[in-house]
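Q: My structure is below; once you've seen it, I'll send some questions.
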Amino acid sequence: MIKSIAAGIAAIVLIVGALWVRTNLIESGDDSVAGEENSVDQGDLDDLRIACDATLGSACPSGSDRLDVEEMLGAFSTTPVAYDVVVAPSVVVELVEQSQTALVSFSEERTPVAVSPVVLATAIAVDEQVADACGDAVTWTCAAQLTSEGALRPALRGTDDVSGLVGAAAMTGGFLENASFSANALGGSAFLGWVDAFGDARATAQPIQNVIQFNAAQANAGVELEATGLPTVTSSSRQVVNLSYPTPLAFVGVVAVAVDDADPDAAAEIGQTVGAALVDSGWRGPDGAAPGAEGVVVPPSFDPAGDDGLPNGGTLFSLRQRL
């Protein structure tokens, strides 16, 4: 009788113990018990506060704040800093870092999840002038020269937009004949004269569309990212512009970085999701492979690990202040 009671108690203890293990370890997602690799919990991702560059549009994560360049600078130069992750072109991350006003640090891993070159669209009406000045291959130096002479009237987005800022940087690099120009080059009399000419560039939200819509009456050239410029050209029924990729090729790469002590693995997972959405919306993948675009000449694939054809973030910060 005593043995039967003891056996019953032992069975109850085993059952209770098994239920405790199931409830507190296995069902709680303890990977050490389940024998699976550790991974970022989706709940952790949902709790992260994300600053997303407005240029990325609908590819920004749900619930993130879409910030332009000015807002991005402000977000990380005042306390308390409200974000755990930044998803933006790497030049924006560098600009914030090197602005001398940032109160945070960003994680070092910055492999692009999507890339887009900077393109130049010129009106067919100026074909002859462009051909005479540039020959078969358009360069940023040639485009800058034509702008100085007044032959090109380029439209760009404002410098609070990444597309406008890097477009202005590519044109300025062309004028200075040095894509990696330093902030020191922005104070000379030659540059100030260039700013007077370049400062007349028409600021618009849709540079290439402006040229097409108004048949070059306002601006006869447009500078923006391929991700938005190429679809504008290919979808238009009016063939009034030539799209080119001036050399040296300039491009931006989108990265996701953790802020201060936030989890860089979580930032990387967010970046992969954003990258996939960007590719679906017209950006190139992280390998830089050229997209297929019927009737439009695109450059060969390029290596996003190479030179991006742009000055560093500190110089972009200074350029933005001068323009």
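A note on labels: chains of the structure tokens are A, B, ... as shown, every chain counts residues from 1, and ligands are counted from 1 in their shown order.
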Which residues of segment 53-110 of chain A sit at most 12 Å from segment 163-172 of chain A, using only C-alpha atoms? Give each one's shortest atom pair and distance in Å (one decimal place), in chain and ascending residue order, as a tab-separated table.
A:
residue	atom	partner	partner_atom	distance
A:Asp53	CA	A:Ser163	CA	11.1
A:Ala54	CA	A:Ser163	CA	10.5
A:Thr55	CA	A:Ser163	CA	7.5
A:Leu56	CA	A:Ser163	CA	10.5
A:Asp68	CA	A:Ser163	CA	10.7
A:Val69	CA	A:Leu165	CA	9.1
A:Glu70	CA	A:Leu165	CA	11.4
A:Ala88	CA	A:Ser163	CA	11.9
A:Pro89	CA	A:Ser163	CA	10.0
A:Ser90	CA	A:Val166	CA	11.5
A:Val91	CA	A:Val166	CA	8.6
A:Val92	CA	A:Leu165	CA	9.8
A:Leu95	CA	A:Leu165	CA	11.0
Q: What's the 6 Å shell around segment 259-262 of chain A, counting only C-alpha atoms, without same-chain residues fewer than 4 positions away, as a PyMOL selection string?
A: chain A and resi 84-85+104-106
Q: Please save C-alpha atoms of the selected residues as a CSV table (one decimal), in the first residue's frame.
A:
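Listing of part-v7.csv after writing:
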chain,number,residue,atom,x,y,z
A,84,ASP,CA,17.5,52.8,-32.0
A,85,VAL,CA,18.1,52.2,-35.7
A,104,VAL,CA,25.4,59.3,-30.7
A,105,SER,CA,27.6,56.6,-32.4
A,106,PHE,CA,26.5,54.2,-35.1
Q: Extract the full set of strand (DSSP E) residues from segment 66-184 of chain A according to DSSP on the backbone, and format it as a list in words.
A: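 Selection result, strand (DSSP E) within segment 66-184 of chain A: Arg66, Leu67, Val85, Val86, Val87, Ala88, Pro89, Ala114, Val115, Ser116, Pro117, Val118, Val119, Leu120, Ala121, Thr122, Ala123, Pro154, Ala155 and Leu156 of chain A.
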Q: With N, CA, C and O atoms kept, could you save the residues just selected as a PDB file, in the first residue's frame?
A:
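Resulting contents of selection-v4.pdb:
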ATOM      1  N   ARG A  66       9.838  58.936 -41.156  1.00  0.00           N
ATOM      2  CA  ARG A  66      10.536  59.307 -42.387  1.00  0.00           C
ATOM      3  C   ARG A  66      11.087  60.724 -42.224  1.00  0.00           C
ATOM      4  O   ARG A  66      10.322  61.681 -42.068  1.00  0.00           O
ATOM      5  N   LEU A  67      12.401  60.833 -42.270  1.00  0.00           N
ATOM      6  CA  LEU A  67      13.072  62.106 -42.014  1.00  0.00           C
ATOM      7  C   LEU A  67      13.888  62.531 -43.224  1.00  0.00           C
ATOM      8  O   LEU A  67      14.552  61.707 -43.852  1.00  0.00           O
ATOM      9  N   VAL A  85      17.570  52.639 -34.450  1.00  0.00           N
ATOM     10  CA  VAL A  85      18.074  52.188 -35.749  1.00  0.00           C
ATOM     11  C   VAL A  85      17.889  53.306 -36.776  1.00  0.00           C
ATOM     12  O   VAL A  85      16.885  54.027 -36.743  1.00  0.00           O
ATOM     13  N   VAL A  86      18.865  53.441 -37.668  1.00  0.00           N
ATOM     14  CA  VAL A  86      18.752  54.368 -38.796  1.00  0.00           C
ATOM     15  C   VAL A  86      18.854  53.560 -40.088  1.00  0.00           C
ATOM     16  O   VAL A  86      19.774  52.758 -40.252  1.00  0.00           O
ATOM     17  N   VAL A  87      17.896  53.767 -40.989  1.00  0.00           N
ATOM     18  CA  VAL A  87      17.948  53.166 -42.320  1.00  0.00           C
ATOM     19  C   VAL A  87      18.033  54.316 -43.310  1.00  0.00           C
ATOM     20  O   VAL A  87      17.105  55.119 -43.416  1.00  0.00           O
ATOM     21  N   ALA A  88      19.160  54.410 -44.017  1.00  0.00           N
ATOM     22  CA  ALA A  88      19.391  55.566 -44.883  1.00  0.00           C
ATOM     23  C   ALA A  88      20.573  55.298 -45.802  1.00  0.00           C
ATOM     24  O   ALA A  88      21.358  54.379 -45.556  1.00  0.00           O
ATOM     25  N   PRO A  89      20.723  56.082 -46.857  1.00  0.00           N
ATOM     26  CA  PRO A  89      21.958  56.000 -47.638  1.00  0.00           C
ATOM     27  C   PRO A  89      23.160  56.239 -46.730  1.00  0.00           C
ATOM     28  O   PRO A  89      23.095  57.071 -45.809  1.00  0.00           O
ATOM     29  N   ALA A 114      20.820  47.965 -50.869  1.00  0.00           N
ATOM     30  CA  ALA A 114      20.313  48.397 -52.178  1.00  0.00           C
ATOM     31  C   ALA A 114      21.131  49.611 -52.598  1.00  0.00           C
ATOM     32  O   ALA A 114      21.623  50.354 -51.740  1.00  0.00           O
ATOM     33  N   VAL A 115      21.292  49.792 -53.896  1.00  0.00           N
ATOM     34  CA  VAL A 115      22.100  50.911 -54.394  1.00  0.00           C
ATOM     35  C   VAL A 115      21.390  51.579 -55.568  1.00  0.00           C
ATOM     36  O   VAL A 115      20.525  50.987 -56.215  1.00  0.00           O
ATOM     37  N   SER A 116      21.783  52.848 -55.827  1.00  0.00           N
ATOM     38  CA  SER A 116      21.240  53.560 -56.980  1.00  0.00           C
ATOM     39  C   SER A 116      22.250  54.585 -57.469  1.00  0.00           C
ATOM     40  O   SER A 116      22.730  55.411 -56.686  1.00  0.00           O
ATOM     41  N   PRO A 117      22.614  54.553 -58.763  1.00  0.00           N
ATOM     42  CA  PRO A 117      23.507  55.564 -59.326  1.00  0.00           C
ATOM     43  C   PRO A 117      22.794  56.913 -59.468  1.00  0.00           C
ATOM     44  O   PRO A 117      21.566  56.997 -59.425  1.00  0.00           O
ATOM     45  N   VAL A 118      23.590  57.956 -59.664  1.00  0.00           N
ATOM     46  CA  VAL A 118      23.062  59.286 -59.961  1.00  0.00           C
ATOM     47  C   VAL A 118      23.039  59.442 -61.477  1.00  0.00           C
ATOM     48  O   VAL A 118      24.019  59.127 -62.154  1.00  0.00           O
ATOM     49  N   VAL A 119      21.922  59.919 -62.014  1.00  0.00           N
ATOM     50  CA  VAL A 119      21.776  60.037 -63.463  1.00  0.00           C
ATOM     51  C   VAL A 119      21.542  61.491 -63.864  1.00  0.00           C
ATOM     52  O   VAL A 119      21.102  62.321 -63.066  1.00  0.00           O
ATOM     53  N   LEU A 120      21.842  61.766 -65.130  1.00  0.00           N
ATOM     54  CA  LEU A 120      21.618  63.083 -65.720  1.00  0.00           C
ATOM     55  C   LEU A 120      20.730  62.913 -66.942  1.00  0.00           C
ATOM     56  O   LEU A 120      21.019  62.100 -67.825  1.00  0.00           O
ATOM     57  N   ALA A 121      19.637  63.655 -66.981  1.00  0.00           N
ATOM     58  CA  ALA A 121      18.763  63.658 -68.156  1.00  0.00           C
ATOM     59  C   ALA A 121      18.891  65.016 -68.821  1.00  0.00           C
ATOM     60  O   ALA A 121      18.751  66.050 -68.168  1.00  0.00           O
ATOM     61  N   THR A 122      19.175  65.045 -70.113  1.00  0.00           N
ATOM     62  CA  THR A 122      19.284  66.295 -70.856  1.00  0.00           C
ATOM     63  C   THR A 122      18.250  66.324 -71.964  1.00  0.00           C
ATOM     64  O   THR A 122      17.963  65.295 -72.586  1.00  0.00           O
ATOM     65  N   ALA A 123      17.694  67.486 -72.189  1.00  0.00           N
ATOM     66  CA  ALA A 123      16.672  67.633 -73.226  1.00  0.00           C
ATOM     67  C   ALA A 123      17.283  67.395 -74.601  1.00  0.00           C
ATOM     68  O   ALA A 123      18.418  67.800 -74.880  1.00  0.00           O
ATOM     69  N   PRO A 154      19.990  72.986 -65.054  1.00  0.00           N
ATOM     70  CA  PRO A 154      19.591  71.736 -64.404  1.00  0.00           C
ATOM     71  C   PRO A 154      18.569  71.929 -63.293  1.00  0.00           C
ATOM     72  O   PRO A 154      18.611  72.912 -62.552  1.00  0.00           O
ATOM     73  N   ALA A 155      17.668  70.994 -63.200  1.00  0.00           N
ATOM     74  CA  ALA A 155      16.732  70.926 -62.081  1.00  0.00           C
ATOM     75  C   ALA A 155      17.205  69.834 -61.131  1.00  0.00           C
ATOM     76  O   ALA A 155      17.616  68.758 -61.576  1.00  0.00           O
ATOM     77  N   LEU A 156      17.191  70.121 -59.857  1.00  0.00           N
ATOM     78  CA  LEU A 156      17.551  69.143 -58.832  1.00  0.00           C
ATOM     79  C   LEU A 156      16.552  69.236 -57.696  1.00  0.00           C
ATOM     80  O   LEU A 156      15.879  70.256 -57.525  1.00  0.00           O
TER      81      LEU A 156
END
Q: Can you work out which one of A:Thr111, A:Asn312, A:Gln129, A:Gln213 has the shortest atom-to-atom distance to Cys142 of chain A, counting only C-alpha atoms?
A: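 Under the stated criterion, the closest residue is A:Gln129.
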Q: Pick out the residues sitting within 8 Å of Arg284 of chain A, and hand them over as a list in words; count only C-alpha atoms, and ignore anything fewer than 3 positions along from it in its own chain.
A: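 These residues fall inside the cut-off: Ala114, Val115, Ser116, Ala227, Leu278, Val279, Asp287, Gly288, Ala289, Ala290 and Pro291 of chain A.
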Q: Could you save the residues just selected, with C-alpha atoms, as a compact mmCIF listing (two decimals), in the first residue's frame?
A:
# COMPACT_ATOMS: atom_id res chain seq x y z
CA ALA A 114 20.31 48.40 -52.18
CA VAL A 115 22.10 50.91 -54.39
CA SER A 116 21.24 53.56 -56.98
CA ALA A 227 15.73 54.63 -58.84
CA LEU A 278 13.68 48.90 -52.46
CA VAL A 279 14.64 46.41 -55.16
CA ASP A 287 25.44 43.57 -56.18
CA GLY A 288 24.96 46.70 -58.32
CA ALA A 289 23.62 44.71 -61.28
CA ALA A 290 22.10 46.91 -64.00
CA PRO A 291 18.31 46.74 -64.30
Q: Which residues are close to Leu73 of chain A, i.e. within 12 Å by only C-alpha atoms, leaving aside same-chain residues fewer than 2 positions away? Reply as a count of residues only.
A: 30
Q: Extract, using only C-alpha atoms, all DNA, RNA and protein residues at most 9 Å from Ala305 of chain A, discarding same-chain residues fewer than 2 positions from it, and format them as a ChimeraX atom specification.
A: /A:111-112,287,302-303,307-308
Q: Between A:Leu186, A:Val298, A:Ala133, A:Ala82, which is the closest to Arg49 of chain A once you count only C-alpha atoms?
A: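 Comparing A:Leu186, A:Val298, A:Ala133, A:Ala82 against Arg49 of chain A, the winner is A:Ala82.
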Q: Taking the DSSP secondary structure from the backbone, can you list the residues of segment 74-195 of chain A that are helix (DSSP H, G or I), as a ChimeraX atom specification?
A: /A:74-75,90-97,124-134,140-149,162-176,183-186,189-195
Q: Pick the closest to Gly135 of chain A from A:Gly63, A:Phe181, A:Pro246, A:Thr79: which is it, counting only C-alpha atoms?
A: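 Selected residue with least distance to Gly135 of chain A: A:Pro246.
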Q: Tell me which of A:Glu269, A:Asp161, A:Glu177, A:Asp46 sits closest to Ala256 of chain A, counting only C-alpha atoms.
A: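 Nearest to Ala256 of chain A: A:Glu269.
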Q: Near Gly292 of chain A, within 12 Å and counting only C-alpha atoms, which residues show up once chain neighbours fewer than 6 positions away are dropped, as an MDAnalysis selection string?
A: chainID A and resid 230:231 234 282:284 298:301
Q: Using only C-alpha atoms, can you tell me which of A:Asn242, A:Gln145, A:Thr315, A:Thr228 comes closest to Asp127 of chain A?
A: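 Checking each of A:Asn242, A:Gln145, A:Thr315, A:Thr228 against Asp127 of chain A, counting only C-alpha atoms, the winner is A:Asn242.
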Q: In terms of the shortest atom-to-atom distance over only C-alpha atoms, which of A:Ser182, A:Thr147, A:Ser281, A:Thr232 is closest to Ala219 of chain A?
A: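 Of A:Ser182, A:Thr147, A:Ser281, A:Thr232, the one nearest Ala219 of chain A is A:Thr147, counting only C-alpha atoms.
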